[in-house]
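Trainee: Provided below: work13.txt, containing compact mmCIF, C-alpha atoms.
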# COMPACT_ATOMS: atom_id res chain seq x y z
CA MET A 1 127.49 29.33 215.58
CA ALA A 2 126.37 25.74 216.06
CA THR A 3 128.45 23.27 214.06
CA PHE A 4 127.01 19.91 213.06
CA THR A 5 129.08 17.63 210.90
CA SER A 6 129.83 14.19 209.53
CA ALA A 7 127.68 11.16 208.78
CA VAL A 8 124.73 10.10 210.87
CA GLN A 9 126.63 7.37 212.74
CA LYS A 10 129.97 9.17 213.13
CA ASP A 11 131.62 11.14 215.89
CA LEU A 12 132.03 14.87 215.32
CA SER A 13 135.34 14.93 217.15
CA LEU A 14 137.09 13.05 214.34
CA ARG A 15 136.61 16.16 212.20
CA PHE A 16 138.04 18.41 214.89
CA VAL A 17 140.95 16.04 215.40
CA ARG A 18 141.72 15.84 211.70
CA ASP A 19 141.41 19.58 211.17
CA SER A 20 143.24 20.86 214.24
CA GLY A 21 146.75 19.55 214.12
CA VAL A 22 146.97 15.89 215.11
CA CYS A 23 149.54 14.29 212.84
CA GLU A 24 147.62 11.52 211.14
CA THR A 25 150.57 10.17 209.23
CA THR A 26 152.76 9.47 212.27
CA PRO A 27 151.99 6.54 214.58
CA GLY A 28 152.35 6.89 218.32
CA VAL A 29 150.95 10.42 218.57
CA HIS A 30 150.84 11.55 222.21
CA THR A 31 150.38 15.31 221.94
CA LEU A 32 148.08 17.69 220.09
CA SER A 33 149.16 20.78 218.14
CA GLY A 34 145.86 22.60 218.23
CA TYR A 35 142.46 22.72 219.86
CA VAL A 36 140.56 19.48 219.90
CA ASP A 37 137.05 19.04 221.27
CA VAL A 38 136.78 15.58 222.81
CA GLY A 39 134.16 16.54 225.35
CA ALA A 40 130.40 16.72 225.09
CA ASN A 41 128.73 17.81 221.86
CA MET A 42 125.08 17.45 221.01
CA SER A 43 125.71 16.48 217.40
CA ILE A 44 127.37 13.18 218.18
CA PRO A 45 125.22 10.04 218.02
CA VAL A 46 124.79 7.99 221.18
CA GLY A 47 127.56 5.41 221.34
CA THR A 48 130.20 7.48 219.58
CA ARG A 49 133.11 9.39 221.05
CA PHE A 50 132.94 8.73 224.79
CA SER A 51 129.15 8.73 224.99
CA PHE A 52 126.79 5.96 226.05
CA GLY A 53 123.08 5.50 226.57
CA ASN A 54 119.89 4.37 224.86
CA ASP A 55 118.92 5.73 221.47
CA THR A 56 115.52 5.37 219.83
CA VAL A 57 115.92 8.15 217.25
CA ASN A 58 115.69 6.60 213.79
CA SER A 59 115.27 9.51 211.38
CA THR A 60 116.07 13.15 210.76
CA GLN A 61 112.47 14.03 211.56
CA SER A 62 112.54 12.31 214.94
CA ALA A 63 115.95 13.83 215.81
CA ALA A 64 114.88 17.46 215.32
CA PRO A 65 112.86 17.78 218.58
CA PHE A 66 115.80 16.52 220.64
CA VAL A 67 118.11 19.11 219.10
CA TRP A 68 115.53 21.82 219.78
CA ASP A 69 115.19 20.68 223.40
CA ALA A 70 118.96 20.72 223.82
CA PHE A 71 119.11 24.36 222.77
CA GLN A 72 116.17 25.20 225.01
CA ILE A 73 118.07 23.81 227.99
CA LEU A 74 121.20 25.62 226.86
CA PHE A 75 119.57 29.05 226.66
CA GLU A 76 117.59 28.58 229.85
CA SER A 77 120.91 28.38 231.67
CA GLN A 78 122.22 31.71 232.93
CA GLU A 79 125.70 30.69 231.80
CA PHE A 80 124.60 30.82 228.16
CA ALA A 81 121.82 33.40 228.35
CA ALA A 82 124.23 36.13 227.25
CA TYR A 83 124.50 34.52 223.81
CA GLN A 84 120.76 34.36 223.18
CA SER A 85 120.58 37.74 221.45
CA ARG A 86 123.46 37.03 219.09
CA GLU A 87 123.13 35.98 215.48
CA PHE A 88 122.66 32.23 215.30
CA ILE A 89 124.19 30.37 212.37
CA PHE A 90 123.58 26.67 211.84
CA ALA A 91 126.68 25.19 210.16
CA THR A 92 126.74 21.64 208.79
CA GLU A 93 128.58 19.44 206.36
CA SER A 94 128.22 16.00 204.78
CA TYR A 95 124.94 14.47 206.03
CA GLY A 96 124.13 17.92 207.37
CA GLY A 97 122.92 18.71 203.87
CA HIS A 98 120.02 16.40 204.70
CA TYR A 99 119.29 17.16 208.34
CA GLY A 100 120.36 20.83 208.37
CA PRO A 101 117.37 22.15 206.39
CA SER A 102 115.03 19.84 208.31
CA PHE A 103 116.28 21.06 211.70
CA VAL A 104 116.06 24.72 210.70
CA THR A 105 112.51 24.20 209.40
CA TYR A 106 111.56 22.60 212.71
CA PHE A 107 113.12 25.52 214.62
CA ASP A 108 111.09 27.98 212.52
CA GLN A 109 107.90 26.05 213.26
CA GLN A 110 108.62 26.04 216.99
CA ASN A 111 109.42 29.75 216.94
CA ALA A 112 106.07 30.44 215.28
CA LEU A 113 104.28 28.48 218.00
CA ILE A 114 106.08 30.45 220.69
CA GLU A 115 105.22 33.74 218.99
CA SER A 116 101.54 32.77 218.77
CA GLY A 117 101.44 31.78 222.44
CA ALA A 118 100.78 28.14 221.68
CA LEU A 119 104.15 27.07 223.08
CA VAL A 120 106.23 28.30 225.99
CA GLY A 121 109.94 28.42 225.28
CA GLU A 122 112.92 30.41 224.05
CA GLN A 123 112.84 31.48 220.42
CA ILE A 124 115.93 30.34 218.52
CA VAL A 125 116.09 32.28 215.28
CA VAL A 126 118.51 30.80 212.75
CA SER A 127 119.90 33.61 210.59
CA ALA A 128 121.80 31.37 208.18
CA LEU A 129 122.29 27.73 207.29
CA MET A 130 125.72 26.66 206.08
CA ILE A 131 126.25 23.37 204.19
CA ASN A 132 129.75 22.23 203.23
CA ASN A 133 130.11 19.31 200.83
CA GLY A 134 126.61 18.26 201.75
CA TRP A 135 124.37 15.35 200.86
CA TYR A 136 121.15 17.26 200.24
CA ASP A 137 119.38 15.50 197.36
CA PRO A 138 119.86 11.76 196.75
CA LEU A 139 118.52 12.06 193.21
CA LEU A 140 121.13 14.66 192.24
CA GLN A 141 123.83 12.87 194.22
CA ASN A 142 123.34 9.54 192.48
CA LYS A 143 123.13 11.17 189.06
CA ALA A 144 126.42 12.90 189.89
CA TYR A 145 128.03 9.52 190.55
CA VAL A 146 127.14 8.46 187.01
CA ASP A 147 128.38 11.71 185.48
CA PHE A 148 131.58 11.79 187.53
CA ALA A 149 132.45 8.17 186.80
CA THR A 150 131.92 8.86 183.10
CA ASP A 151 134.26 11.84 183.00
CA ALA A 152 135.97 12.85 186.23
CA PRO A 153 137.80 16.19 185.88
CA GLY A 154 141.52 15.51 185.76
CA PHE A 155 140.98 11.74 185.57
CA GLY A 156 138.67 11.05 182.65
CA PRO A 157 136.53 7.88 182.76
CA LEU A 158 136.91 6.08 186.08
CA GLN A 159 135.54 2.76 184.86
CA SER A 160 135.45 0.65 181.73
CA PRO A 161 132.91 1.32 178.96
CA SER A 162 130.89 -1.74 179.97
CA VAL A 163 130.67 -0.64 183.62
CA LEU A 164 129.73 2.90 182.59
CA ALA A 165 127.00 1.58 180.30
CA LYS A 166 125.59 -0.51 183.15
CA LEU A 167 125.79 2.50 185.49
CA HIS A 168 123.77 4.60 183.06
CA GLU A 169 121.23 1.80 182.66
CA SER A 170 120.90 1.25 186.42
CA PHE A 171 120.15 4.92 186.97
CA PHE A 172 117.75 5.58 184.08
CA GLU A 173 116.05 2.22 183.46
CA PRO A 174 112.39 1.76 184.49
CA GLY A 175 112.40 0.84 188.17
CA GLY A 176 116.02 1.93 188.44
CA CYS A 177 117.73 4.34 190.80
CA LYS A 178 116.05 7.47 189.43
CA ASP A 179 112.55 6.01 189.53
CA GLN A 180 113.03 4.59 193.02
CA GLU A 181 114.44 7.82 194.45
CA GLU A 182 111.54 9.78 192.96
CA ALA A 183 109.10 7.29 194.49
CA CYS A 184 110.78 7.74 197.87
CA LEU A 185 110.55 11.52 197.67
CA ALA A 186 106.89 11.29 196.67
CA ALA A 187 106.14 8.95 199.60
CA GLY A 188 106.93 11.62 202.20
CA THR A 189 108.27 10.96 205.69
CA GLY A 190 105.65 8.73 207.27
CA ASP A 191 106.08 5.07 208.21
CA ALA A 192 104.59 4.01 204.88
CA SER A 193 107.62 5.50 203.11
CA ASN A 194 110.21 3.41 204.98
CA ALA A 195 110.19 0.35 202.74
CA ILE A 196 110.15 2.48 199.58
CA CYS A 197 113.11 4.61 200.70
CA ILE A 198 115.10 1.66 202.02
CA SER A 199 114.71 -0.09 198.67
CA ALA A 200 115.75 3.06 196.80
CA ASP A 201 118.85 3.57 198.90
CA ASN A 202 119.92 -0.07 198.72
CA PHE A 203 119.46 -0.22 194.96
CA CYS A 204 121.34 3.02 194.29
CA VAL A 205 124.23 2.12 196.58
CA GLU A 206 124.67 -1.35 195.10
CA ASN A 207 124.09 -0.46 191.45
CA VAL A 208 125.33 3.12 191.17
CA PHE A 209 127.66 4.23 193.97
CA ILE A 210 129.71 1.03 194.42
CA PRO A 211 130.39 0.37 190.72
CA ALA A 212 131.03 4.10 190.10
CA VAL A 213 133.79 4.16 192.74
CA GLY A 214 135.15 0.71 191.93
CA ASP A 215 138.46 -0.02 193.64
CA ARG A 216 139.21 3.63 194.35
CA ASP A 217 138.89 5.44 197.67
CA SER A 218 135.60 7.34 197.57
CA ASP A 219 137.18 10.24 199.51
CA ASP A 220 140.32 10.48 197.38
CA LEU A 221 140.36 8.99 193.89
CA ARG A 222 144.16 8.91 193.91
CA GLN A 223 144.05 6.24 196.59
CA ASN A 224 143.19 2.57 196.31
CA SER A 225 140.26 1.43 198.47
CA SER A 226 142.44 -1.24 200.11
CA ALA A 227 144.56 1.43 201.82
CA LEU A 228 143.26 3.28 204.87
CA PHE A 229 143.59 6.90 203.83
CA PRO A 230 144.17 9.07 205.66
CA PRO A 231 145.59 7.01 208.53
CA GLU A 232 143.64 7.01 211.77
CA PHE A 233 146.34 7.08 214.40
CA TYR A 234 144.22 9.56 216.33
CA VAL A 235 141.87 6.68 217.20
CA SER A 236 144.68 5.07 219.17
CA PHE A 237 145.50 8.41 220.78
CA LEU A 238 141.91 8.98 221.92
CA GLY A 239 141.78 5.39 223.11
CA GLU A 240 144.69 5.76 225.52
CA ALA A 241 143.77 5.25 229.18
CA SER A 242 145.58 8.47 230.15
CA ILE A 243 143.39 10.50 227.78
CA ARG A 244 140.20 8.92 229.11
CA ALA A 245 141.31 9.59 232.66
CA ALA A 246 142.22 13.22 231.89
CA ILE A 247 138.75 14.05 230.56
CA GLY A 248 136.81 11.75 232.88
CA ALA A 249 135.53 9.43 230.15
CA GLU A 250 133.74 6.34 231.44
CA VAL A 251 133.86 4.28 228.23
CA GLU A 252 136.35 3.70 225.44
CA TYR A 253 136.44 5.99 222.41
CA ARG A 254 134.39 4.85 219.42
CA GLU A 255 134.37 6.67 216.09
CA CYS A 256 131.13 5.26 214.70
CA SER A 257 127.91 3.74 216.00
CA ASN A 258 126.61 0.78 214.04
CA ALA A 259 123.50 0.78 216.22
CA VAL A 260 122.57 4.31 215.16
CA SER A 261 123.34 3.51 211.54
CA ARG A 262 121.01 0.51 211.67
CA LEU A 263 118.21 2.59 213.23
CA PHE A 264 118.39 5.20 210.48
CA GLY A 265 118.80 2.49 207.85
CA ARG A 266 115.45 0.97 208.83
CA THR A 267 113.63 4.16 207.84
CA GLY A 268 115.59 4.83 204.64
CA ASP A 269 116.41 8.25 206.06
CA VAL A 270 119.27 8.88 203.63
CA SER A 271 116.83 8.87 200.71
CA SER A 272 113.74 10.33 202.36
CA PRO A 273 112.74 14.02 202.04
Using C-alpha cells, write down the structure that the file contains.

Mentor:
Amino acid sequence: MATFTSAVQKDLSLRFVRDSGVCETTPGVHTLSGYVDVGANMSIPVGTRFSFGNDTVNSTQSAAPFVWDAFQILFESQEFAAYQSREFIFATESYGGHYGPSFVTYFDQQNALIESGALVGEQIVVSALMINNGWYDPLLQNKAYVDFATDAPGFGPLQSPSVLAKLHESFFEPGGCKDQEEACLAAGTGDASNAICISADNFCVENVFIPAVGDRDSDDLRQNSSALFPPEFYVSFLGEASIRAAIGAEVEYRECSNAVSRLFGRTGDVSSP
C-alpha cells in the first residue's frame, strides 16, 4: 500500500507523528511511543520535513509523472522487485481526494501504453484507491461549508443570521462561488484555466470558507481559532540537533513549504479538475 496524505504543501510525517504516539499535549517530548517515519517519503513536497532541492511542479497534473517515475525506479530495484506482484492500493486523505484520482488515472494511461508496446516500463496496476476525509470536489465542498454553517450537527447555526444570509448569497449569486467553480471545472487543466481557477478559489475562500468558520478552529469547532490545537510540540522534537544527527538530516525540520503552496496557487490547482 502506498500512503499519500495531507495538504499539498505539508509534510506527511506530521500525520505519522500525530497518529503514532508522540504526546502532543506535553512540552519537552524527547522520546517516541510508537513508529514514526521521519525519513524519505515520496509524498512530501520539496522543502518539507528534512528535504531540500528545486521544485518546478505546480499542479496535480504535472506532479503525476514524477510519482510514476518514482515507482518505476522503486520496482526496477531488486530490493523491491518482490513486491511487484502484490496487490497495490493507493491510499490518500485530505488533498489526496484531488490528486489521488488524477494519479491513478495517469498510472492507468501509462500501463496501457506499456501493454501496447508504446512505452517501456513496469506496469503498476492500482487495485483500489482509498480517500479519507478528502477534498475531491470544490463545488460540493464549498456548498457543504454553507450547509454546515447553517446547521452543524450538535452545534446548530455556527454564525449569525446576517452572516448566514451573506454566505448563501455569496455561493448562489450570479458570478458567485458556485458559478466561478463551475467555470473553473469547464475550463479544464490547461494554462488558460489558471486565472479562472485562481479567481474561483480566492473568491470561495474569502466569501464562503472564512466567514463560515468564523472565529472557530476549522479542524475542531469546539476550539477557538486563536488557540493552537492540537499543540505542536513534536515540531520542537523533530527540530532537535540530536534527532537530525541520528537520522543524518542536513537541514532543519520544516512542516510546510510556502514555496510549493505558492506554485500550486498560481495554477488554481485546488479548484481545477

Trainee: Please, what distance in Å, to one decimal, runs between atom CA of Ser127 of chain A and atom CA of Glu87 of chain A?

Mentor: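 So the two atoms, atom CA of Ser127 of chain A and atom CA of Glu87 of chain A, lie 6.3 Å apart.
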
Trainee: Could you give me, as a CSV table (one decimal) with C-alpha atoms, in the frame of the given file, the residues that have an atom at most 12 Å away from the point (121.2, 9.0, 194.8) in the coordinates of the file, using all atoms listed in the file?

Mentor:
chain,number,residue,atom,x,y,z
A,135,TRP,CA,124.4,15.4,200.9
A,136,TYR,CA,121.2,17.3,200.2
A,137,ASP,CA,119.4,15.5,197.4
A,138,PRO,CA,119.9,11.8,196.8
A,139,LEU,CA,118.5,12.1,193.2
A,140,LEU,CA,121.1,14.7,192.2
A,141,GLN,CA,123.8,12.9,194.2
A,142,ASN,CA,123.3,9.5,192.5
A,143,LYS,CA,123.1,11.2,189.1
A,144,ALA,CA,126.4,12.9,189.9
A,145,TYR,CA,128.0,9.5,190.6
A,146,VAL,CA,127.1,8.5,187.0
A,170,SER,CA,120.9,1.2,186.4
A,171,PHE,CA,120.2,4.9,187.0
A,172,PHE,CA,117.8,5.6,184.1
A,176,GLY,CA,116.0,1.9,188.4
A,177,CYS,CA,117.7,4.3,190.8
A,178,LYS,CA,116.0,7.5,189.4
A,179,ASP,CA,112.6,6.0,189.5
A,180,GLN,CA,113.0,4.6,193.0
A,181,GLU,CA,114.4,7.8,194.4
A,182,GLU,CA,111.5,9.8,193.0
A,184,CYS,CA,110.8,7.7,197.9
A,185,LEU,CA,110.6,11.5,197.7
A,197,CYS,CA,113.1,4.6,200.7
A,198,ILE,CA,115.1,1.7,202.0
A,199,SER,CA,114.7,-0.1,198.7
A,200,ALA,CA,115.8,3.1,196.8
A,201,ASP,CA,118.8,3.6,198.9
A,202,ASN,CA,119.9,-0.1,198.7
A,203,PHE,CA,119.5,-0.2,195.0
A,204,CYS,CA,121.3,3.0,194.3
A,205,VAL,CA,124.2,2.1,196.6
A,206,GLU,CA,124.7,-1.4,195.1
A,207,ASN,CA,124.1,-0.5,191.4
A,208,VAL,CA,125.3,3.1,191.2
A,209,PHE,CA,127.7,4.2,194.0
A,210,ILE,CA,129.7,1.0,194.4
A,212,ALA,CA,131.0,4.1,190.1
A,270,VAL,CA,119.3,8.9,203.6
A,271,SER,CA,116.8,8.9,200.7
A,272,SER,CA,113.7,10.3,202.4

Trainee: Using only C-alpha atoms, which of A:Pro101, A:Gly214, A:Pro174, A:Gly154 sits nearest Ala64 of chain A?

Mentor: A:Pro101

Trainee: Can you pull out every residue within 10 Å of Gly134 of chain A, counting only C-alpha atoms, but drop anything in the same chain fewer than 6 positions away, and send it as a ChimeraX atom specification?

Mentor: /A:5-6,92-100,141

Trainee: Applying 9 Å and all atoms listed in the file, which residues near Leu164 of chain A remain after dropping the ones on its own chain fewer than 5 positions away? List them as a PyMOL selection string.

Mentor: chain A and resi 146+149-150+157-159+169+211-212

Trainee: Taking all atoms of segment 140-157 of chain A that the file lists, what box with edges along x, y and z, padded by 4 Å per side, do you get, with centre and edge lengths in Å to one decimal, as lines of an AutoDock Vina configuration file?

Mentor:
center_x = 131.3
center_y = 12.0
center_z = 188.4
size_x = 28.4
size_y = 16.3
size_z = 19.6

Trainee: Between A:Ala192, A:Leu238, A:Ala246, A:Ala187, which residue has the minimum interatomic distance to Arg266 of chain A, considering only C-alpha atoms?

Mentor: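 Of A:Ala192, A:Leu238, A:Ala246, A:Ala187, the one nearest Arg266 of chain A, counting only C-alpha atoms, is A:Ala192.
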
Trainee: Could you tell me how far atom CA of Ala128 of chain A lies from atom CA of Ile89 of chain A, in Å and to one decimal?

Mentor: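 Interatomic distance, atom CA of Ala128 of chain A to atom CA of Ile89 of chain A: 4.9 Å.
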
Trainee: Between atom CA of Thr267 of chain A and atom CA of Ser59 of chain A, what distance in Å does the model show, to one decimal?

Mentor: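 About the pair atom CA of Thr267 of chain A and atom CA of Ser59 of chain A: they are 6.6 Å apart.
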